[in-house]
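Trainee: Contents are PDB, C-alpha atoms; file name input-v9.pdb:
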```pdb
ATOM      1  CA  MET P   1     -27.752  31.561  19.552
ATOM      2  CA  THR P   2     -29.298  28.404  18.128
ATOM      3  CA  THR P   3     -27.766  26.760  15.099
ATOM      4  CA  THR P   4     -29.717  24.438  12.893
ATOM      5  CA  ALA P   5     -28.293  21.256  11.518
ATOM      6  CA  PRO P   6     -27.361  21.401   7.863
ATOM      7  CA  THR P   7     -29.509  19.604   5.331
ATOM      8  CA  VAL P   8     -27.732  16.588   3.922
ATOM      9  CA  ASN P   9     -26.185  17.373   0.573
ATOM     10  CA  GLY P  10     -23.068  16.441  -1.359
ATOM     11  CA  ARG P  11     -20.855  18.865   0.543
ATOM     12  CA  VAL P  12     -21.995  17.670   3.979
ATOM     13  CA  ILE P  13     -21.488  14.050   2.929
ATOM     14  CA  ALA P  14     -18.057  14.828   1.451
ATOM     15  CA  LEU P  15     -16.907  16.702   4.561
ATOM     16  CA  ALA P  16     -17.916  13.780   6.786
ATOM     17  CA  HIS P  17     -16.258  11.296   4.432
ATOM     18  CA  HIS P  18     -12.996  13.185   4.210
ATOM     19  CA  ALA P  19     -12.790  13.826   7.953
ATOM     20  CA  GLY P  20     -13.376  10.157   8.732
ATOM     21  CA  ARG P  21     -11.040   9.012   5.979
ATOM     22  CA  ALA P  22      -8.269  11.279   7.292
ATOM     23  CA  LEU P  23      -8.583   9.589  10.684
ATOM     24  CA  LEU P  24      -8.520   6.135   9.080
ATOM     25  CA  GLU P  25      -5.533   7.023   6.928
ATOM     26  CA  GLY P  26      -3.671   8.050  10.068
ATOM     27  CA  VAL P  27      -4.263   4.561  11.487
ATOM     28  CA  LEU P  28      -3.254   2.934   8.207
ATOM     29  CA  ALA P  29      -0.090   5.038   7.859
ATOM     30  CA  ARG P  30       1.089   3.881  11.299
ATOM     31  CA  HIS P  31       0.871   0.343   9.933
ATOM     32  CA  GLY P  32       2.443   1.133   6.555
ATOM     33  CA  ALA P  33      -0.788   0.625   4.618
ATOM     34  CA  THR P  34      -2.871   2.747   2.259
ATOM     35  CA  PHE P  35      -6.601   3.319   2.039
ATOM     36  CA  HIS P  36      -6.835   1.354  -1.224
ATOM     37  CA  GLN P  37      -4.954  -1.551   0.361
ATOM     38  CA  SER P  38      -7.305  -1.498   3.342
ATOM     39  CA  VAL P  39     -10.383  -1.602   1.110
ATOM     40  CA  THR P  40      -8.876  -4.520  -0.810
ATOM     41  CA  LEU P  41      -8.031  -6.509   2.318
ATOM     42  CA  ARG P  42     -11.537  -5.894   3.653
ATOM     43  CA  ALA P  43     -13.065  -7.169   0.408
ATOM     44  CA  VAL P  44     -11.163 -10.440   0.829
ATOM     45  CA  VAL P  45     -12.328 -10.790   4.436
ATOM     46  CA  VAL P  46     -15.959 -10.035   3.554
ATOM     47  CA  ALA P  47     -15.785 -12.609   0.740
ATOM     48  CA  GLY P  48     -14.856 -15.276   3.274
ATOM     49  CA  GLU P  49     -11.049 -15.064   3.281
ATOM     50  CA  SER P  50     -10.734 -16.390  -0.292
ATOM     51  CA  VAL P  51     -12.066 -14.679  -3.406
ATOM     52  CA  GLY P  52     -11.687 -15.013  -7.142
ATOM     53  CA  SER P  53      -9.170 -12.538  -8.535
ATOM     54  CA  ASP P  54     -11.628 -11.062 -11.044
ATOM     55  CA  GLU P  55     -14.348 -10.856  -8.402
ATOM     56  CA  LEU P  56     -11.932  -9.028  -6.073
ATOM     57  CA  VAL P  57     -10.981  -6.558  -8.796
ATOM     58  CA  GLY P  58     -14.654  -5.947  -9.606
ATOM     59  CA  ASP P  59     -15.621  -5.475  -5.968
ATOM     60  CA  VAL P  60     -12.820  -3.019  -5.167
ATOM     61  CA  THR P  61     -13.219  -1.154  -8.472
ATOM     62  CA  GLY P  62     -16.915  -0.711  -7.688
ATOM     63  CA  SER P  63     -16.244   0.400  -4.120
ATOM     64  CA  LEU P  64     -13.497   2.885  -4.947
ATOM     65  CA  LYS P  65     -14.879   4.032  -8.313
ATOM     66  CA  THR P  66     -11.419   3.704  -9.815
ATOM     67  CA  ASP P  67      -9.850   2.025 -12.815
ATOM     68  CA  GLU P  68      -9.322  -1.711 -12.852
ATOM     69  CA  SER P  69      -5.602  -1.136 -13.474
ATOM     70  CA  VAL P  70      -5.333   0.763 -10.174
ATOM     71  CA  VAL P  71      -6.912  -2.121  -8.271
ATOM     72  CA  ARG P  72      -4.704  -4.687  -9.997
ATOM     73  CA  GLY P  73      -1.729  -2.562  -8.931
ATOM     74  CA  VAL P  74      -2.946  -2.565  -5.331
ATOM     75  CA  ILE P  75      -3.320  -6.351  -5.439
ATOM     76  CA  GLU P  76       0.252  -6.586  -6.751
ATOM     77  CA  GLU P  77       1.442  -4.333  -3.889
ATOM     78  CA  LEU P  78      -0.329  -6.498  -1.322
ATOM     79  CA  THR P  79       1.054  -9.667  -2.886
ATOM     80  CA  ALA P  80       4.604  -8.273  -2.994
ATOM     81  CA  ALA P  81       4.261  -7.265   0.675
ATOM     82  CA  LYS P  82       3.147 -10.839   1.482
ATOM     83  CA  LEU P  83      -0.231  -9.643   2.792
ATOM     84  CA  LEU P  84      -2.203 -11.362   0.027
ATOM     85  CA  GLU P  85      -1.404 -14.540  -1.887
ATOM     86  CA  GLU P  86      -2.830 -16.913  -4.448
ATOM     87  CA  ASP P  87      -4.977 -19.535  -2.761
ATOM     88  CA  PRO P  88      -2.997 -22.809  -2.956
ATOM     89  CA  ALA P  89      -6.272 -24.696  -3.405
ATOM     90  CA  GLU P  90      -7.181 -22.623  -6.489
ATOM     91  CA  ALA P  91      -4.690 -20.283  -8.160
ATOM     92  CA  SER P  92      -7.423 -18.059  -9.617
ATOM     93  CA  ARG P  93      -8.404 -17.063  -6.082
ATOM     94  CA  MET P  94      -6.697 -14.732  -3.604
ATOM     95  CA  ARG P  95      -6.523 -15.049   0.159
ATOM     96  CA  LEU P  96      -5.010 -13.181   3.088
ATOM     97  CA  THR P  97      -1.715 -14.330   4.505
ATOM     98  CA  ASP P  98      -1.289 -14.441   8.271
ATOM     99  CA  ALA P  99       0.422 -11.035   8.049
ATOM    100  CA  GLY P 100      -2.458  -9.677   5.957
ATOM    101  CA  ARG P 101      -5.003 -10.933   8.473
ATOM    102  CA  GLU P 102      -3.014  -9.416  11.333
ATOM    103  CA  LEU P 103      -2.815  -6.053   9.552
ATOM    104  CA  TYR P 104      -6.526  -6.106   8.764
ATOM    105  CA  GLU P 105      -7.484  -7.047  12.325
ATOM    106  CA  SER P 106      -5.251  -4.456  13.990
ATOM    107  CA  THR P 107      -6.293  -1.571  11.727
ATOM    108  CA  THR P 108      -9.940  -2.582  12.023
ATOM    109  CA  ALA P 109      -9.716  -2.640  15.820
ATOM    110  CA  GLU P 110      -8.081   0.801  15.922
ATOM    111  CA  SER P 111     -10.552   2.319  13.465
ATOM    112  CA  ALA P 112     -13.477   0.774  15.392
ATOM    113  CA  GLN P 113     -12.364   2.714  18.478
ATOM    114  CA  ILE P 114     -12.370   5.934  16.443
ATOM    115  CA  SER P 115     -15.803   5.124  15.000
ATOM    116  CA  ALA P 116     -17.166   4.471  18.472
ATOM    117  CA  ARG P 117     -16.050   7.946  19.551
ATOM    118  CA  LEU P 118     -17.435   9.593  16.398
ATOM    119  CA  TYR P 119     -20.866   7.966  16.659
ATOM    120  CA  ALA P 120     -21.157   8.096  20.470
ATOM    121  CA  GLY P 121     -24.371   9.657  21.675
ATOM    122  CA  ILE P 122     -26.089   9.749  18.294
ATOM    123  CA  PRO P 123     -29.538   8.199  18.683
ATOM    124  CA  ALA P 124     -30.009   4.860  16.909
ATOM    125  CA  GLU P 125     -32.991   6.189  14.974
ATOM    126  CA  ASP P 126     -30.890   9.069  13.615
ATOM    127  CA  LEU P 127     -28.192   6.630  12.515
ATOM    128  CA  ALA P 128     -30.817   4.421  10.862
ATOM    129  CA  THR P 129     -32.304   7.396   9.001
ATOM    130  CA  ALA P 130     -28.870   8.584   7.870
ATOM    131  CA  GLY P 131     -28.034   5.036   6.754
ATOM    132  CA  ARG P 132     -31.205   4.792   4.660
ATOM    133  CA  VAL P 133     -30.623   8.183   3.056
ATOM    134  CA  LEU P 134     -26.974   7.487   2.246
ATOM    135  CA  ALA P 135     -27.791   4.017   0.872
ATOM    136  CA  LEU P 136     -30.394   5.568  -1.425
ATOM    137  CA  VAL P 137     -28.004   8.317  -2.587
ATOM    138  CA  THR P 138     -25.341   5.661  -3.257
ATOM    139  CA  GLU P 139     -27.823   3.507  -5.190
ATOM    140  CA  ARG P 140     -28.874   6.457  -7.346
ATOM    141  CA  ALA P 141     -25.300   7.576  -7.976
ATOM    142  CA  ASN P 142     -24.306   4.022  -8.954
ATOM    143  CA  ALA P 143     -27.286   3.874 -11.345
ATOM    144  CA  GLU P 144     -26.173   7.152 -12.943
ATOM    145  CA  LEU P 145     -22.621   5.874 -13.272
ATOM    146  CA  ALA P 146     -23.869   2.659 -14.881
ATOM    147  CA  GLY P 147     -25.848   4.711 -17.408
ATOM    148  CA  ALA P 148     -22.957   7.062 -18.187
TER     149      ALA P 148
END
```
Any chance you could put this one into structure tokens?
Mentor:
Amino acid sequence: MTTTAPTVNGRVIALAHHAGRALLEGVLARHGATFHQSVTLRAVVVAGESVGSDELVGDVTGSLKTDESVVRGVIEELTAAKLLEEDPAEASRMRLTDAGRELYESTTAESAQISARLYAGIPAEDLATAGRVLALVTERANAELAGA
């Protein structure tokens, strides 16, 4: 019996997202971190290890599609846990502490191993096509949200 691959649609995308996120959350839980905290730490790293507080809130709010108050709460959690701190050079900016960097690096390394297993054997051209399709769907969804 031959099965055909499903056409990409919202359900297929959601199932892949939730399966991958469950694996990531398992890694994060072992380190005492949450998904929202992980996304916030990553945003700081991507910004170059120091980022304006408002820029950080905007970036994470846009990524998670959540309320600004939720993101500000996550930043407060990370600051209270000494994973994130005000940048001494400029108080309106946030930066990772050594503990925050260590957490980010260890969870990223563990999740990279999982990703390698999940994507193993998938041809590069298939991954490129999927990437283009998902980027376009994301762009269109973001445009709809902006118009809502």
Trainee: Return the single residue from P:Val51, P:Leu145, P:Val71, P:Val57 that is closest to Phe35 (chain P), with distances computed using only C-alpha atoms.
Mentor: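 Using only C-alpha atoms, the shortest distance to Phe35 (chain P) belongs to P:Val71.
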Trainee: May I have the protein, DNA and RNA residues with an atom at most 12 Å from (-10.3, -14.5, -1.1), counting all atoms listed in the file in the file's coordinates, returned as a PDB file with C-alpha atoms, in the coordinates of the input?
Mentor:
```pdb
ATOM      1  CA  THR P  40      -8.876  -4.520  -0.810  1.00  0.00           C
ATOM      2  CA  LEU P  41      -8.031  -6.509   2.318  1.00  0.00           C
ATOM      3  CA  ARG P  42     -11.537  -5.894   3.653  1.00  0.00           C
ATOM      4  CA  ALA P  43     -13.065  -7.169   0.408  1.00  0.00           C
ATOM      5  CA  VAL P  44     -11.163 -10.440   0.829  1.00  0.00           C
ATOM      6  CA  VAL P  45     -12.328 -10.790   4.436  1.00  0.00           C
ATOM      7  CA  VAL P  46     -15.959 -10.035   3.554  1.00  0.00           C
ATOM      8  CA  ALA P  47     -15.785 -12.609   0.740  1.00  0.00           C
ATOM      9  CA  GLY P  48     -14.856 -15.276   3.274  1.00  0.00           C
ATOM     10  CA  GLU P  49     -11.049 -15.064   3.281  1.00  0.00           C
ATOM     11  CA  SER P  50     -10.734 -16.390  -0.292  1.00  0.00           C
ATOM     12  CA  VAL P  51     -12.066 -14.679  -3.406  1.00  0.00           C
ATOM     13  CA  GLY P  52     -11.687 -15.013  -7.142  1.00  0.00           C
ATOM     14  CA  SER P  53      -9.170 -12.538  -8.535  1.00  0.00           C
ATOM     15  CA  ASP P  54     -11.628 -11.062 -11.044  1.00  0.00           C
ATOM     16  CA  GLU P  55     -14.348 -10.856  -8.402  1.00  0.00           C
ATOM     17  CA  LEU P  56     -11.932  -9.028  -6.073  1.00  0.00           C
ATOM     18  CA  VAL P  57     -10.981  -6.558  -8.796  1.00  0.00           C
ATOM     19  CA  ASP P  59     -15.621  -5.475  -5.968  1.00  0.00           C
ATOM     20  CA  ILE P  75      -3.320  -6.351  -5.439  1.00  0.00           C
ATOM     21  CA  LEU P  83      -0.231  -9.643   2.792  1.00  0.00           C
ATOM     22  CA  LEU P  84      -2.203 -11.362   0.027  1.00  0.00           C
ATOM     23  CA  GLU P  85      -1.404 -14.540  -1.887  1.00  0.00           C
ATOM     24  CA  GLU P  86      -2.830 -16.913  -4.448  1.00  0.00           C
ATOM     25  CA  ASP P  87      -4.977 -19.535  -2.761  1.00  0.00           C
ATOM     26  CA  PRO P  88      -2.997 -22.809  -2.956  1.00  0.00           C
ATOM     27  CA  ALA P  89      -6.272 -24.696  -3.405  1.00  0.00           C
ATOM     28  CA  GLU P  90      -7.181 -22.623  -6.489  1.00  0.00           C
ATOM     29  CA  ALA P  91      -4.690 -20.283  -8.160  1.00  0.00           C
ATOM     30  CA  SER P  92      -7.423 -18.059  -9.617  1.00  0.00           C
ATOM     31  CA  ARG P  93      -8.404 -17.063  -6.082  1.00  0.00           C
ATOM     32  CA  MET P  94      -6.697 -14.732  -3.604  1.00  0.00           C
ATOM     33  CA  ARG P  95      -6.523 -15.049   0.159  1.00  0.00           C
ATOM     34  CA  LEU P  96      -5.010 -13.181   3.088  1.00  0.00           C
ATOM     35  CA  THR P  97      -1.715 -14.330   4.505  1.00  0.00           C
ATOM     36  CA  GLY P 100      -2.458  -9.677   5.957  1.00  0.00           C
ATOM     37  CA  ARG P 101      -5.003 -10.933   8.473  1.00  0.00           C
TER      38      ARG P 101
END
```
Trainee: What does the structure give for the distance between CA of Thr107 (chain P) and CA of Leu24 (chain P), in Å to one decimal?
Mentor: 8.4 Å
Trainee: For Val39 (chain P), which of P:Asn9, P:Ser69, P:Thr129, P:Thr108 is the closest residue, counting only C-alpha atoms?
Mentor: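 The answer is P:Thr108, which sits nearest to Val39 (chain P).
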Trainee: Please measure the separation of CA of Val27 (chain P) and CA of Arg11 (chain P), giving the value in Å to one decimal.
Mentor: 24.5 Å
Trainee: Please compute the CA of Ala16 (chain P)-CA of Gly147 (chain P) distance, one decimal, in Å.
Mentor: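 CA of Gly147 (chain P) lies at a distance of 27.0 Å from CA of Ala16 (chain P).
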Trainee: Let me make sure I understand: among P:Ala81, P:Ala143, P:Ala130, P:Leu118, which one has the smallest atom-to-atom distance to Asp98 (chain P) if we use only C-alpha atoms?
Mentor: P:Ala81
Trainee: Expanded to explicit residues, what is the PyMOL selection byres ((chain P and resi 28) around 10) for this file, as a ChimeraX atom specification?
Mentor: /P:22-27,29-35,37-38,103-104,106-108,110-111
Trainee: Nearest residue to Lys65 (chain P) out of P:Ala148, P:Ala109, P:Asn142, P:Glu102, using only C-alpha atoms?
Mentor: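 Of P:Ala148, P:Ala109, P:Asn142, P:Glu102, the one nearest Lys65 (chain P) is P:Asn142, counting only C-alpha atoms.
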Trainee: Please, what is the axis-aligned box for every listed atom of region 112-122 of chain P with 3 Å on each side, as centre and edge lengths in Å to one decimal, as lines of an AutoDock Vina configuration file?
Mentor:
```
center_x = -19.2
center_y = 5.3
center_z = 18.3
size_x = 19.7
size_y = 15.0
size_z = 12.7
```
Trainee: Using all atoms listed in the file, find the one residue out of P:Val8, P:Ala19, P:Val133, P:Leu78 that sits nearest to Ser115 (chain P).
Mentor: P:Ala19
Trainee: I'd like the neighbourhood of Val70 (chain P) as an MDAnalysis selection string, where a residue qualifies if any of its atoms comes within 10 Å (using all atoms listed in the file), though same-chain residues fewer than 4 positions away should be ignored.
Mentor: chainID P and resid 36 57 60:61 64 66 74:76
Trainee: Missing atoms in region 136-147 of chain P should be modelled up to all heavy atoms and reported as a PDB file, in the frame of the given file.
Mentor:
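To be explicit, this is the file written out as rebuild-v8.pdb:
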```pdb
ATOM      1  N   LEU P 136     -29.610   5.159  -0.262  1.00  0.00           N
ATOM      2  CA  LEU P 136     -30.394   5.568  -1.425  1.00  0.00           C
ATOM      3  C   LEU P 136     -29.584   6.480  -2.347  1.00  0.00           C
ATOM      4  O   LEU P 136     -29.598   6.317  -3.573  1.00  0.00           O
ATOM      5  CB  LEU P 136     -31.687   6.274  -0.981  1.00  0.00           C
ATOM      6  CG  LEU P 136     -32.613   6.755  -2.100  1.00  0.00           C
ATOM      7  CD1 LEU P 136     -33.039   5.599  -2.994  1.00  0.00           C
ATOM      8  CD2 LEU P 136     -33.838   7.443  -1.484  1.00  0.00           C
ATOM      9  N   VAL P 137     -28.854   7.435  -1.775  1.00  0.00           N
ATOM     10  CA  VAL P 137     -28.004   8.317  -2.587  1.00  0.00           C
ATOM     11  C   VAL P 137     -26.951   7.494  -3.323  1.00  0.00           C
ATOM     12  O   VAL P 137     -26.698   7.704  -4.517  1.00  0.00           O
ATOM     13  CB  VAL P 137     -27.352   9.415  -1.707  1.00  0.00           C
ATOM     14  CG1 VAL P 137     -26.275  10.166  -2.466  1.00  0.00           C
ATOM     15  CG2 VAL P 137     -28.416  10.381  -1.195  1.00  0.00           C
ATOM     16  N   THR P 138     -26.346   6.529  -2.635  1.00  0.00           N
ATOM     17  CA  THR P 138     -25.341   5.661  -3.257  1.00  0.00           C
ATOM     18  C   THR P 138     -25.961   4.857  -4.390  1.00  0.00           C
ATOM     19  O   THR P 138     -25.382   4.756  -5.484  1.00  0.00           O
ATOM     20  CB  THR P 138     -24.721   4.714  -2.208  1.00  0.00           C
ATOM     21  OG1 THR P 138     -24.127   5.507  -1.180  1.00  0.00           O
ATOM     22  CG2 THR P 138     -23.680   3.800  -2.821  1.00  0.00           C
ATOM     23  N   GLU P 139     -27.130   4.288  -4.160  1.00  0.00           N
ATOM     24  CA  GLU P 139     -27.823   3.507  -5.190  1.00  0.00           C
ATOM     25  C   GLU P 139     -28.096   4.362  -6.428  1.00  0.00           C
ATOM     26  O   GLU P 139     -27.852   3.934  -7.561  1.00  0.00           O
ATOM     27  CB  GLU P 139     -29.134   2.973  -4.605  1.00  0.00           C
ATOM     28  CG  GLU P 139     -29.962   2.145  -5.558  1.00  0.00           C
ATOM     29  CD  GLU P 139     -31.281   1.728  -4.925  1.00  0.00           C
ATOM     30  OE1 GLU P 139     -31.255   1.242  -3.771  1.00  0.00           O
ATOM     31  OE2 GLU P 139     -32.328   1.888  -5.572  1.00  0.00           O
ATOM     32  N   ARG P 140     -28.575   5.570  -6.219  1.00  0.00           N
ATOM     33  CA  ARG P 140     -28.874   6.457  -7.346  1.00  0.00           C
ATOM     34  C   ARG P 140     -27.611   6.883  -8.083  1.00  0.00           C
ATOM     35  O   ARG P 140     -27.592   6.944  -9.313  1.00  0.00           O
ATOM     36  CB  ARG P 140     -29.642   7.682  -6.856  1.00  0.00           C
ATOM     37  CG  ARG P 140     -31.058   7.348  -6.434  1.00  0.00           C
ATOM     38  CD  ARG P 140     -31.769   8.551  -5.870  1.00  0.00           C
ATOM     39  NE  ARG P 140     -33.136   8.215  -5.512  1.00  0.00           N
ATOM     40  CZ  ARG P 140     -33.970   9.068  -4.945  1.00  0.00           C
ATOM     41  NH1 ARG P 140     -33.579  10.302  -4.647  1.00  0.00           N
ATOM     42  NH2 ARG P 140     -35.195   8.691  -4.659  1.00  0.00           N
ATOM     43  N   ALA P 141     -26.555   7.188  -7.333  1.00  0.00           N
ATOM     44  CA  ALA P 141     -25.300   7.576  -7.976  1.00  0.00           C
ATOM     45  C   ALA P 141     -24.732   6.416  -8.782  1.00  0.00           C
ATOM     46  O   ALA P 141     -24.261   6.600  -9.921  1.00  0.00           O
ATOM     47  CB  ALA P 141     -24.288   8.054  -6.931  1.00  0.00           C
ATOM     48  N   ASN P 142     -24.791   5.202  -8.225  1.00  0.00           N
ATOM     49  CA  ASN P 142     -24.306   4.022  -8.954  1.00  0.00           C
ATOM     50  C   ASN P 142     -25.117   3.790 -10.222  1.00  0.00           C
ATOM     51  O   ASN P 142     -24.565   3.416 -11.264  1.00  0.00           O
ATOM     52  CB  ASN P 142     -24.318   2.783  -8.058  1.00  0.00           C
ATOM     53  CG  ASN P 142     -23.166   2.772  -7.074  1.00  0.00           C
ATOM     54  OD1 ASN P 142     -22.129   3.385  -7.284  1.00  0.00           O
ATOM     55  ND2 ASN P 142     -23.376   2.074  -5.973  1.00  0.00           N
ATOM     56  N   ALA P 143     -26.436   4.021 -10.161  1.00  0.00           N
ATOM     57  CA  ALA P 143     -27.286   3.874 -11.345  1.00  0.00           C
ATOM     58  C   ALA P 143     -26.893   4.901 -12.410  1.00  0.00           C
ATOM     59  O   ALA P 143     -26.833   4.573 -13.604  1.00  0.00           O
ATOM     60  CB  ALA P 143     -28.756   4.022 -10.956  1.00  0.00           C
ATOM     61  N   GLU P 144     -26.616   6.124 -11.983  1.00  0.00           N
ATOM     62  CA  GLU P 144     -26.173   7.152 -12.943  1.00  0.00           C
ATOM     63  C   GLU P 144     -24.849   6.789 -13.570  1.00  0.00           C
ATOM     64  O   GLU P 144     -24.633   6.967 -14.763  1.00  0.00           O
ATOM     65  CB  GLU P 144     -26.104   8.518 -12.264  1.00  0.00           C
ATOM     66  CG  GLU P 144     -27.461   9.042 -11.883  1.00  0.00           C
ATOM     67  CD  GLU P 144     -27.700  10.483 -12.312  1.00  0.00           C
ATOM     68  OE1 GLU P 144     -26.850  11.084 -12.994  1.00  0.00           O
ATOM     69  OE2 GLU P 144     -28.772  10.979 -11.967  1.00  0.00           O
ATOM     70  N   LEU P 145     -23.927   6.283 -12.746  1.00  0.00           N
ATOM     71  CA  LEU P 145     -22.621   5.874 -13.272  1.00  0.00           C
ATOM     72  C   LEU P 145     -22.774   4.729 -14.268  1.00  0.00           C
ATOM     73  O   LEU P 145     -22.076   4.703 -15.292  1.00  0.00           O
ATOM     74  CB  LEU P 145     -21.686   5.457 -12.128  1.00  0.00           C
ATOM     75  CG  LEU P 145     -21.143   6.588 -11.277  1.00  0.00           C
ATOM     76  CD1 LEU P 145     -20.482   6.033 -10.011  1.00  0.00           C
ATOM     77  CD2 LEU P 145     -20.143   7.427 -12.070  1.00  0.00           C
ATOM     78  N   ALA P 146     -23.656   3.798 -13.982  1.00  0.00           N
ATOM     79  CA  ALA P 146     -23.869   2.659 -14.881  1.00  0.00           C
ATOM     80  C   ALA P 146     -24.450   3.118 -16.212  1.00  0.00           C
ATOM     81  O   ALA P 146     -24.157   2.527 -17.268  1.00  0.00           O
ATOM     82  CB  ALA P 146     -24.793   1.635 -14.236  1.00  0.00           C
ATOM     83  N   GLY P 147     -25.253   4.183 -16.186  1.00  0.00           N
ATOM     84  CA  GLY P 147     -25.848   4.711 -17.408  1.00  0.00           C
ATOM     85  C   GLY P 147     -24.960   5.670 -18.169  1.00  0.00           C
ATOM     86  O   GLY P 147     -25.253   6.049 -19.290  1.00  0.00           O
TER      87      GLY P 147
END
```
